[in-house]
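Let me begin by presenting the structure, written as structure tokens, before commenting on it.
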Amino acid sequence: MKVILPSYEILTTLDKEIIFPFMERIARTCYKSEDLASEGSAERILKNLIKNGHEAMIEFFDITVKFTCNRGFSHEMVRHRLCSFSQESTRYCNYSSDKFGNEITVIQPAWIGKGNETAEILWLDAMKSAEDFYFKALEQGLKAQDARGMLPIDLKTELNVKANIREWRAIFKLRTTEAAHPSMRELMIPLLTEFKSKLPVLFDDIVF
């Protein structure tokens with residue numbers, strides 16, 4: 001059994017010098033004011049769009065992020081219905097094969113290392129037991145799609161999420177608050193911070 005930390009990778013190139021003028025062009029179509037585009041005007045018009053709640057204009061650009069996370073995280077993410085998803089399948093992936101190192105991989109929970117050593121031992125035992133029962137079921141002839149019921153929620157999964165900028169804003173507003181699950185915040189807060197850095201104006205108003 002392998003234990004890894006959760007992570008993310010932004011698969012879309014986030015070049016504001018391309019994205020901002022593109023979105024400005026989309027927005028200016030409404031007013032037929034394309035001729036007013038100038039240096040710095042893209043950021044100004046995007047700031048006004050967000051301030052005025054006219055966010056339909058920022059639906060025209062999609063961003064794809066790959067998450068390496070547990071299945072609890074993925075279960076919450078796929079509830080955002082304005083996204084597209086592709087996910088590692090426990091139906092078709094057999095973790096007893098050489099391709100997966102003949103072991104399952106689990107995601108270390110956000111609470112590990114916070115002082116509850118007894119709970120940490122219990123978690124490790126539970127993950128190892130799940131792996132043992134999963135492999136025993138496969139040895140008895142069950143297919144991976146049937147044995148997967150014995151796998152834990154903390155099983156590692158890879159999830160590609162594509163959403164437009166307006167939807168990413170909605171996701172961040174929901175998934176970075178103190179009420180969000182700690183495992184969700186563990187990834188979404190640094191992701192939002194990177195979005196803020198690369199695409200200012202579009203995400204600067206979202207606080208956590």
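Chain identifiers are assigned as A, B, and so on, following the order in which chains appear in the structure tokens; residues are numbered from 1 within each chain, and ligands are numbered from 1 in order of appearance.
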Counting only C-alpha atoms, what is within 6 Å of Lys162 of chain A, bar same-chain residues fewer than 3 positions away, as an mmCIF file with C-alpha atoms, in the first residue's frame?
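Saved file around.cif follows:
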data_model
loop_
_atom_site.group_PDB
_atom_site.id
_atom_site.type_symbol
_atom_site.label_atom_id
_atom_site.label_comp_id
_atom_site.auth_asym_id
_atom_site.auth_seq_id
_atom_site.Cartn_x
_atom_site.Cartn_y
_atom_site.Cartn_z
ATOM 1 C CA ILE A 63 -9.923 25.858 -17.682
ATOM 2 C CA THR A 64 -9.025 22.201 -17.067
ATOM 3 C CA CYS A 83 -18.315 20.924 -15.543
ATOM 4 C CA SER A 84 -16.948 18.104 -17.670
#
Test item: residues at most 12 Å from Ser38 of chain A, only C-alpha atoms, excluding those fewer than 6 positions along its chain, as a PyMOL selection string: chain A and resi 20-21+24-25+44-45
Write out the residues from the selection above, keeping C-alpha atoms, as a PDB file, in the first residue's frame.
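part-v4.pdb, freshly written:
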ATOM      1  CA  PHE A  20      -8.156  38.935 -21.144  1.00  0.00           C
ATOM      2  CA  PRO A  21      -8.292  40.440 -24.673  1.00  0.00           C
ATOM      3  CA  GLU A  24     -12.943  41.662 -23.710  1.00  0.00           C
ATOM      4  CA  ARG A  25     -13.782  41.016 -27.360  1.00  0.00           C
ATOM      5  CA  ARG A  44     -11.067  47.370 -16.700  1.00  0.00           C
ATOM      6  CA  ILE A  45     -14.004  45.860 -18.548  1.00  0.00           C
TER       7      ILE A  45
END
DSSP-assigned strand (DSSP E) among chain A, expressed as a PyMOL selection string: chain A and resi 2-4+7-10+62-70+84-87+105-107+156-164
Just-selected residues, C-alpha atoms written as a PDB file, in the first residue's frame:
ATOM      1  CA  LYS A   2       1.257   3.449  -0.911  1.00  0.00           C
ATOM      2  CA  VAL A   3       0.291   6.687   0.860  1.00  0.00           C
ATOM      3  CA  ILE A   4       0.616   9.966  -1.058  1.00  0.00           C
ATOM      4  CA  SER A   7      -2.151  17.466  -5.547  1.00  0.00           C
ATOM      5  CA  TYR A   8      -3.388  19.319  -8.595  1.00  0.00           C
ATOM      6  CA  GLU A   9      -2.080  20.307 -12.026  1.00  0.00           C
ATOM      7  CA  ILE A  10      -3.517  23.100 -14.183  1.00  0.00           C
ATOM      8  CA  ASP A  62     -12.644  26.964 -20.089  1.00  0.00           C
ATOM      9  CA  ILE A  63      -9.923  25.858 -17.682  1.00  0.00           C
ATOM     10  CA  THR A  64      -9.025  22.201 -17.067  1.00  0.00           C
ATOM     11  CA  VAL A  65      -7.435  21.046 -13.803  1.00  0.00           C
ATOM     12  CA  LYS A  66      -6.240  17.535 -12.966  1.00  0.00           C
ATOM     13  CA  PHE A  67      -6.708  16.570  -9.322  1.00  0.00           C
ATOM     14  CA  THR A  68      -4.970  13.663  -7.606  1.00  0.00           C
ATOM     15  CA  CYS A  69      -7.299  13.235  -4.671  1.00  0.00           C
ATOM     16  CA  ASN A  70      -9.369  10.785  -2.673  1.00  0.00           C
ATOM     17  CA  SER A  84     -16.948  18.104 -17.670  1.00  0.00           C
ATOM     18  CA  PHE A  85     -15.168  15.213 -15.941  1.00  0.00           C
ATOM     19  CA  SER A  86     -12.920  12.264 -16.691  1.00  0.00           C
ATOM     20  CA  GLN A  87     -11.910  10.038 -13.794  1.00  0.00           C
ATOM     21  CA  THR A 105      -2.592   3.980  -3.380  1.00  0.00           C
ATOM     22  CA  VAL A 106      -4.383   6.072  -0.790  1.00  0.00           C
ATOM     23  CA  ILE A 107      -4.464   9.806  -0.119  1.00  0.00           C
ATOM     24  CA  LYS A 156      -6.376   7.714  -4.724  1.00  0.00           C
ATOM     25  CA  THR A 157      -8.182   8.786  -7.862  1.00  0.00           C
ATOM     26  CA  GLU A 158      -7.230  11.086 -10.722  1.00  0.00           C
ATOM     27  CA  LEU A 159      -9.941  13.519 -11.793  1.00  0.00           C
ATOM     28  CA  ASN A 160      -9.840  15.945 -14.730  1.00  0.00           C
ATOM     29  CA  VAL A 161     -12.262  18.844 -14.308  1.00  0.00           C
ATOM     30  CA  LYS A 162     -13.097  21.295 -17.107  1.00  0.00           C
ATOM     31  CA  ALA A 163     -15.181  24.354 -16.261  1.00  0.00           C
ATOM     32  CA  ASN A 164     -15.594  27.859 -17.545  1.00  0.00           C
TER      33      ASN A 164
END
Report as a list in words all protein, DNA and RNA residues lying within 7 Å of Ile104 of chain A, evaluated on only C-alpha atoms, omitting residues in the same chain fewer than 5 positions from it. Met1, Lys2, Tyr95 and Glu131 of chain A
Leaving out Leu151 of chain A and any residue of its chain fewer than 4 positions from it, which residues lie within 7 Å of it when counting only C-alpha atoms, given as a list in words?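 Counting only C-alpha atoms, the residues come to Ala130, Glu131, Tyr134 and Leu155 of chain A.
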Residues from last step as file, C-alpha atoms, as a PDB file, in the first residue's frame:
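Below you can see selection37.pdb, which holds the result:
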ATOM      1  CA  ALA A 130      -9.251  -2.722   2.719  1.00  0.00           C
ATOM      2  CA  GLU A 131      -6.338  -3.551   0.435  1.00  0.00           C
ATOM      3  CA  TYR A 134      -9.805  -6.305  -2.085  1.00  0.00           C
ATOM      4  CA  LEU A 155      -8.384   5.566  -2.326  1.00  0.00           C
TER       5      LEU A 155
END
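The two atoms in question, atom CA of Met188 of chain A and atom CA of Asp205 of chain A, are spaced 15.5 Å apart.
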If you count only C-alpha atoms, which residues fall within 12 Å of Ile112 of chain A, apart from same-chain ones fewer than 3 positions away, as a list in words?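 Final neighbour list, sorted by chain and number: Val3, Ile4, Leu5, Ile107, Gln108, Pro109, Gly115, Asn116, Glu117, Thr118, Ala119, Glu120, Ile121, Leu122, Trp123, Leu124, Pro182 and Ser183 of chain A.
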